[in-house]
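Beneath this line is the structure, given in structure tokens, with notes to follow.
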Amino acid sequence: MENILEYLESNRLSELKNILNEENPVDIAEYFEDLSKEKTMLVFRILQKDTASEVFSYLSPEKQEEIIESITDEELKRILDELFLDDTVDLIEEMPANIVDKILKNSSPETRKLINQFLKYPENSAGGVMTVEYVSFKNDMTIGQALSYFKNVGMNKEDTDICFVIDKTRHFLGIITLKQLILVEDDVPLVDAMDTSIPTVNTLDDQEEVADLFRKYDCNSIPVVDNENRLVGLITIDDVVDVIDQENTEDFHIMAAMEPSNEEYLRESIFSLAKHRIIWLLVLMISATATGIIIRRYESVLQSVVTLAIFIPMLMDTGGNAGSQSATLIIRGLALGEIELADIGKIVWKEFRVSILVGVALALVNFLRIYYIDQVGFTISMVVCFSLLITVIIAKVVGGSLPIVAKALKLDPAIMASPLITTIVDACALAIYFQLSSHFLHLVS
């Protein structure tokens with residue numbers, strides 16, 4: 001970055017051009033993010049045409065908007081001609097209306113038609129993620145004919161490692177790899193060499209389900225078909241990586257009790273950030289009043305033995321942490337497809353046994369600390385530790401089962417994460433603690 005600025009300030013543009021054209025377009029795009037609008041346009045215009053288009057596809061939406069606003073229609077048309085269609089669709093989805101108008105005005109009629117088709121698919125569906133830049137062969141071709149056709153059209157396609165075989169009505173039949181096209185004898189019929197075992201996805205399938213298929217079958221690309229099994233596009237691994245990042249980010253937001261947002265943190269306004277957080281905070285605040293009700297219900301118990309109040313934070317925190325551990329593991333297992341709804345019985349049984357081991361260990365250590373170090377009476381120490389054991393058991397069972405319940409109710413399992421689990425377990429921990437205290441200390445609640 002310092003070198004780029006140095007070349008710009010000394011007006012050594014020809015040297016800078018030679019250097020940048022040897023760089024990876026991804027790295028060049030990263031440099032652009034730190035340049036002012038004026039310097040961005042100066043550097044962008046000295047790039048070779050094909051390099052400039054590739055760099056443009058890796059820029060942030062804000063930088064792309066800067067460039068589109070500053071370049072001529074002819075320059076924009078050259079960029080659009082070099083972009084793959086799915087990148088153009090992504091660009092349009094991020095731009096304001098005036099920029100979209102400029103993009104569509106400088107797109108070819110065929111491209112505009114395809115863009116409109118893409119935009120009709122639901123957000124986060126396979127149809128919205130796919131590309132139409134692929135190679136397909138008719139099923140009556142031989143290997144030699146297919147290879148000859150590939151040489152004519154393959155250069156302008158996004159993914160050429162795998163080609164598709166279709167019939168006259170575009171029904172998907174199978175795939176054939178570039179390796180097979182090169183190594184199999186020319187006179188072999190295409191249908192004899194193709195692979196028919198590859199999975200397909202429907203245009204309306206959720207993008208998260210598509211990502212699961214890529215993970216399951218270890219694919220680099222998957223064909224997309226319509227309801228009549230006609231080939232309409234393909235999804236490549238680079239698009240799926242973006243989907244996985246997006247889905248993971250969404251889960252992290254939900255697990256932290258926030259409404260998911262697609263904006264980068266530093267670019268999002270404080271009002272937008274507050275809007276995404278306030279709803280869940282209100283829900284959790286109101287639900288947390290249950291703990292206040294329980295404390296009020298056992299107020300006389302606390303007044304009788306004030307020492308009991310000292311251990312409330314420890315019980316609530318430990319229970320919340322124990323529940324969050326289980327919930328996090330189950331949520332991740334569901335996301336990876338390692339856990340199914342039918343496994344709820346196994347999960348509850350396993351978490352129960354884990355909670356016994358963990359709870360006994362925590363209770364034993366806690367008893368030694370309270371009774372011998374803090375010099376608290378034997379009965380209170382036992383009440384605290386027994387309450388801790390029961391709280392951990394409940395927390396782990398609840399934390400392990402609630403994400404499964406959410407999945408069964410067609411909700412995002414990430415909802416059942418730390419904040420909500422903690423709120424539920426806090427109420428349970430207090431109720432158990434005060435009930436045991438009342439019974440073993442012979443207190444009237």
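Identifiers in this document derive from the order of the structure tokens: chains are assigned A, B, ..., residues are numbered from 1 separately in each chain, and ligands are numbered from 1 in order of occurrence.
Secondary structure by DSSP on the backbone puts the following residues of range 31-279 of chain A in strand (DSSP E): Ser136, Phe137, Lys138, Ile162, Cys163, Phe164, Val165, Ile166, Phe172, Leu173, Gly174, Ile175, Ile176, Thr177, Val201, Asn202, Ser221, Ile222, Pro223, Val224, Val225, Leu231, Val232, Gly233, Leu234, Ile235 and Thr236 of chain A.
The environment of Leu336 in chain A within 12 Å, counting only C-alpha atoms and disregarding residues fewer than 3 places along the same chain, consists of Glu208, Glu209, Ala211, Asp212, Leu213, Phe214, Arg215, Lys216, Ile244, Glu247, Asn248, Leu329, Ile330, Ile331, Arg332, Gly333, Ile339 and Glu340 of chain A.
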Quiz prompt | Shell around Leu231 in chain A at 8 Å using only C-alpha atoms, local window under 2 positions removed, as a ChimeraX atom specification | solution = /A:166,170-172,223-226,229,233
Export of the given selection (N, CA, C and O atoms) as a PDB file, in the first residue's frame:
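Saved the output as part01.pdb:
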```pdb
ATOM      1  N   ILE A 166     -27.160 -33.063 -21.440  1.00  0.00           N
ATOM      2  CA  ILE A 166     -28.599 -32.830 -21.442  1.00  0.00           C
ATOM      3  C   ILE A 166     -29.207 -33.443 -22.710  1.00  0.00           C
ATOM      4  O   ILE A 166     -28.499 -33.706 -23.685  1.00  0.00           O
ATOM      5  N   ARG A 170     -33.425 -30.206 -22.739  1.00  0.00           N
ATOM      6  CA  ARG A 170     -32.588 -29.677 -21.644  1.00  0.00           C
ATOM      7  C   ARG A 170     -32.774 -30.428 -20.326  1.00  0.00           C
ATOM      8  O   ARG A 170     -32.392 -29.921 -19.274  1.00  0.00           O
ATOM      9  N   HIS A 171     -33.339 -31.613 -20.334  1.00  0.00           N
ATOM     10  CA  HIS A 171     -33.399 -32.417 -19.112  1.00  0.00           C
ATOM     11  C   HIS A 171     -31.986 -32.858 -18.744  1.00  0.00           C
ATOM     12  O   HIS A 171     -31.232 -33.339 -19.601  1.00  0.00           O
ATOM     13  N   PHE A 172     -31.661 -32.732 -17.472  1.00  0.00           N
ATOM     14  CA  PHE A 172     -30.322 -33.087 -16.991  1.00  0.00           C
ATOM     15  C   PHE A 172     -30.160 -34.606 -16.955  1.00  0.00           C
ATOM     16  O   PHE A 172     -30.992 -35.318 -16.398  1.00  0.00           O
ATOM     17  N   PRO A 223     -25.168 -29.135 -10.234  1.00  0.00           N
ATOM     18  CA  PRO A 223     -26.133 -28.588 -11.193  1.00  0.00           C
ATOM     19  C   PRO A 223     -27.436 -28.172 -10.519  1.00  0.00           C
ATOM     20  O   PRO A 223     -27.862 -28.784  -9.523  1.00  0.00           O
ATOM     21  N   VAL A 224     -28.056 -27.139 -11.072  1.00  0.00           N
ATOM     22  CA  VAL A 224     -29.340 -26.641 -10.573  1.00  0.00           C
ATOM     23  C   VAL A 224     -30.406 -26.941 -11.619  1.00  0.00           C
ATOM     24  O   VAL A 224     -30.221 -26.610 -12.803  1.00  0.00           O
ATOM     25  N   VAL A 225     -31.500 -27.557 -11.207  1.00  0.00           N
ATOM     26  CA  VAL A 225     -32.569 -27.923 -12.143  1.00  0.00           C
ATOM     27  C   VAL A 225     -33.890 -27.302 -11.680  1.00  0.00           C
ATOM     28  O   VAL A 225     -34.034 -26.927 -10.508  1.00  0.00           O
ATOM     29  N   ASP A 226     -34.843 -27.215 -12.612  1.00  0.00           N
ATOM     30  CA  ASP A 226     -36.166 -26.721 -12.246  1.00  0.00           C
ATOM     31  C   ASP A 226     -37.059 -27.889 -11.839  1.00  0.00           C
ATOM     32  O   ASP A 226     -36.582 -29.032 -11.700  1.00  0.00           O
ATOM     33  N   ASN A 229     -36.851 -31.043 -13.906  1.00  0.00           N
ATOM     34  CA  ASN A 229     -35.500 -31.602 -14.055  1.00  0.00           C
ATOM     35  C   ASN A 229     -34.767 -31.060 -15.280  1.00  0.00           C
ATOM     36  O   ASN A 229     -33.884 -31.708 -15.829  1.00  0.00           O
ATOM     37  N   GLY A 233     -28.762 -24.061 -14.422  1.00  0.00           N
ATOM     38  CA  GLY A 233     -27.543 -23.401 -13.958  1.00  0.00           C
ATOM     39  C   GLY A 233     -26.685 -24.338 -13.120  1.00  0.00           C
ATOM     40  O   GLY A 233     -26.964 -25.533 -13.024  1.00  0.00           O
TER      41      GLY A 233
END
```
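With CA of Asp251 in chain A on one side and CA of Asn321 in chain A on the other, the separation reads 18.6 Å.
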Exercise. Per DSSP on the backbone, filter range 153-254 of chain A down to the residues in alpha helix (DSSP H) and report them as a count of residues only.
Key: 40
Contacts of range 47-58 of chain A at 10 Å (only C-alpha atoms; same-chain gap of 4+ positions) as an mmCIF file with C-alpha atoms, in the first residue's frame:
```cif
data_model
loop_
_atom_site.group_PDB
_atom_site.id
_atom_site.type_symbol
_atom_site.label_atom_id
_atom_site.label_comp_id
_atom_site.auth_asym_id
_atom_site.auth_seq_id
_atom_site.Cartn_x
_atom_site.Cartn_y
_atom_site.Cartn_z
ATOM 1 C CA LEU A 16 2.880 1.081 -11.192
ATOM 2 C CA LYS A 17 0.856 -0.390 -14.074
ATOM 3 C CA ASN A 18 3.513 -3.038 -14.747
ATOM 4 C CA ILE A 19 3.673 -3.972 -11.066
ATOM 5 C CA LEU A 20 -0.098 -4.179 -10.537
ATOM 6 C CA ASN A 21 -0.723 -6.240 -13.649
ATOM 7 C CA GLU A 22 1.525 -8.936 -12.181
ATOM 8 C CA GLU A 23 -0.333 -8.933 -8.845
ATOM 9 C CA ASN A 24 -3.234 -11.193 -7.903
ATOM 10 C CA PRO A 25 -6.555 -9.365 -8.558
ATOM 11 C CA VAL A 26 -7.738 -10.222 -5.025
ATOM 12 C CA ASP A 27 -4.702 -8.429 -3.544
ATOM 13 C CA ILE A 28 -5.171 -5.433 -5.841
ATOM 14 C CA ALA A 29 -8.808 -5.159 -4.742
ATOM 15 C CA GLU A 30 -7.630 -5.163 -1.132
ATOM 16 C CA PHE A 32 -8.174 -0.297 -3.401
ATOM 17 C CA LEU A 42 -6.472 6.816 -11.218
ATOM 18 C CA VAL A 43 -5.211 3.317 -10.373
ATOM 19 C CA LYS A 63 -15.929 0.868 -3.915
ATOM 20 C CA GLN A 64 -17.885 -0.604 -6.820
ATOM 21 C CA ILE A 67 -16.206 3.422 -9.678
ATOM 22 C CA ILE A 68 -19.553 3.080 -11.488
ATOM 23 C CA GLU A 75 -16.061 1.750 -19.632
ATOM 24 C CA LEU A 76 -18.924 0.248 -17.626
ATOM 25 C CA ARG A 78 -16.542 -3.274 -20.955
ATOM 26 C CA ILE A 79 -16.557 -4.270 -17.283
ATOM 27 C CA LEU A 80 -20.014 -5.850 -17.514
ATOM 28 C CA ASP A 81 -19.014 -7.793 -20.606
ATOM 29 C CA GLU A 82 -16.146 -9.368 -18.656
ATOM 30 C CA LEU A 83 -18.119 -10.129 -15.464
ATOM 31 C CA PHE A 84 -19.768 -13.487 -14.983
ATOM 32 C CA ASP A 87 -21.281 -11.505 -10.167
ATOM 33 C CA THR A 88 -23.406 -9.004 -12.099
ATOM 34 C CA ASP A 90 -24.701 -9.789 -6.879
ATOM 35 C CA LEU A 91 -23.608 -6.299 -7.947
#
```
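Among the candidates A:Val354, A:Thr142, A:Gln375, A:Ile415, the one nearest to Glu259 in chain A when counting only C-alpha atoms is A:Ile415.
Candidate residues A:Val392, A:Leu281, A:Lys350, A:Glu263 were compared for distance to Ser324 in chain A, and the nearest is A:Val392, using only C-alpha atoms.
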Quiz item: How far is it from CA of Ile393 in chain A to CA of Ala427 in chain A, in Å with one decimal?
Solution: 14.2 Å
Quiz item: Could you name the residues that touch Val129 in chain A at 8 Å or less, counting only C-alpha atoms, but leaving out those on the same chain fewer than 5 positions away, as a ChimeraX atom specification?
Solution: /A:86,124,207,235,239
Quiz item: Expressed in Å to a single decimal, how great is the separation between CA of Phe434 in chain A and CA of Glu299 in chain A?
Solution: 9.5 Å
Quiz item: Phe352 in chain A: which residues within 10 Å, counting only C-alpha atoms, same-chain residues fewer than 4 positions away excluded, as a PyMOL selection string?
Solution: chain A and resi 346-348+356-358+392-398+400
Let's have the selection written as a PDB file, in the first residue's frame, with C-alpha atoms.
```
ATOM      1  CA  LYS A 346     -29.757 -40.064  22.637  1.00  0.00           C
ATOM      2  CA  ILE A 347     -28.784 -36.444  23.244  1.00  0.00           C
ATOM      3  CA  VAL A 348     -30.809 -36.125  26.465  1.00  0.00           C
ATOM      4  CA  ILE A 356     -23.687 -36.066  36.454  1.00  0.00           C
ATOM      5  CA  LEU A 357     -19.906 -36.252  36.024  1.00  0.00           C
ATOM      6  CA  VAL A 358     -19.467 -32.505  35.640  1.00  0.00           C
ATOM      7  CA  VAL A 392     -25.966 -28.374  36.140  1.00  0.00           C
ATOM      8  CA  ILE A 393     -28.032 -31.463  35.313  1.00  0.00           C
ATOM      9  CA  ILE A 394     -31.058 -29.385  34.299  1.00  0.00           C
ATOM     10  CA  ALA A 395     -28.904 -26.876  32.405  1.00  0.00           C
ATOM     11  CA  LYS A 396     -27.164 -29.488  30.280  1.00  0.00           C
ATOM     12  CA  VAL A 397     -30.327 -31.438  29.515  1.00  0.00           C
ATOM     13  CA  VAL A 398     -32.228 -28.254  28.635  1.00  0.00           C
ATOM     14  CA  GLY A 400     -28.970 -30.084  24.693  1.00  0.00           C
TER      15      GLY A 400
END
```
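Between Thr131 in chain A and the candidates A:Val232, A:Gln145, A:Leu204, A:Lys168, the tightest atom-to-atom separation, counting only C-alpha atoms, involves A:Val232.
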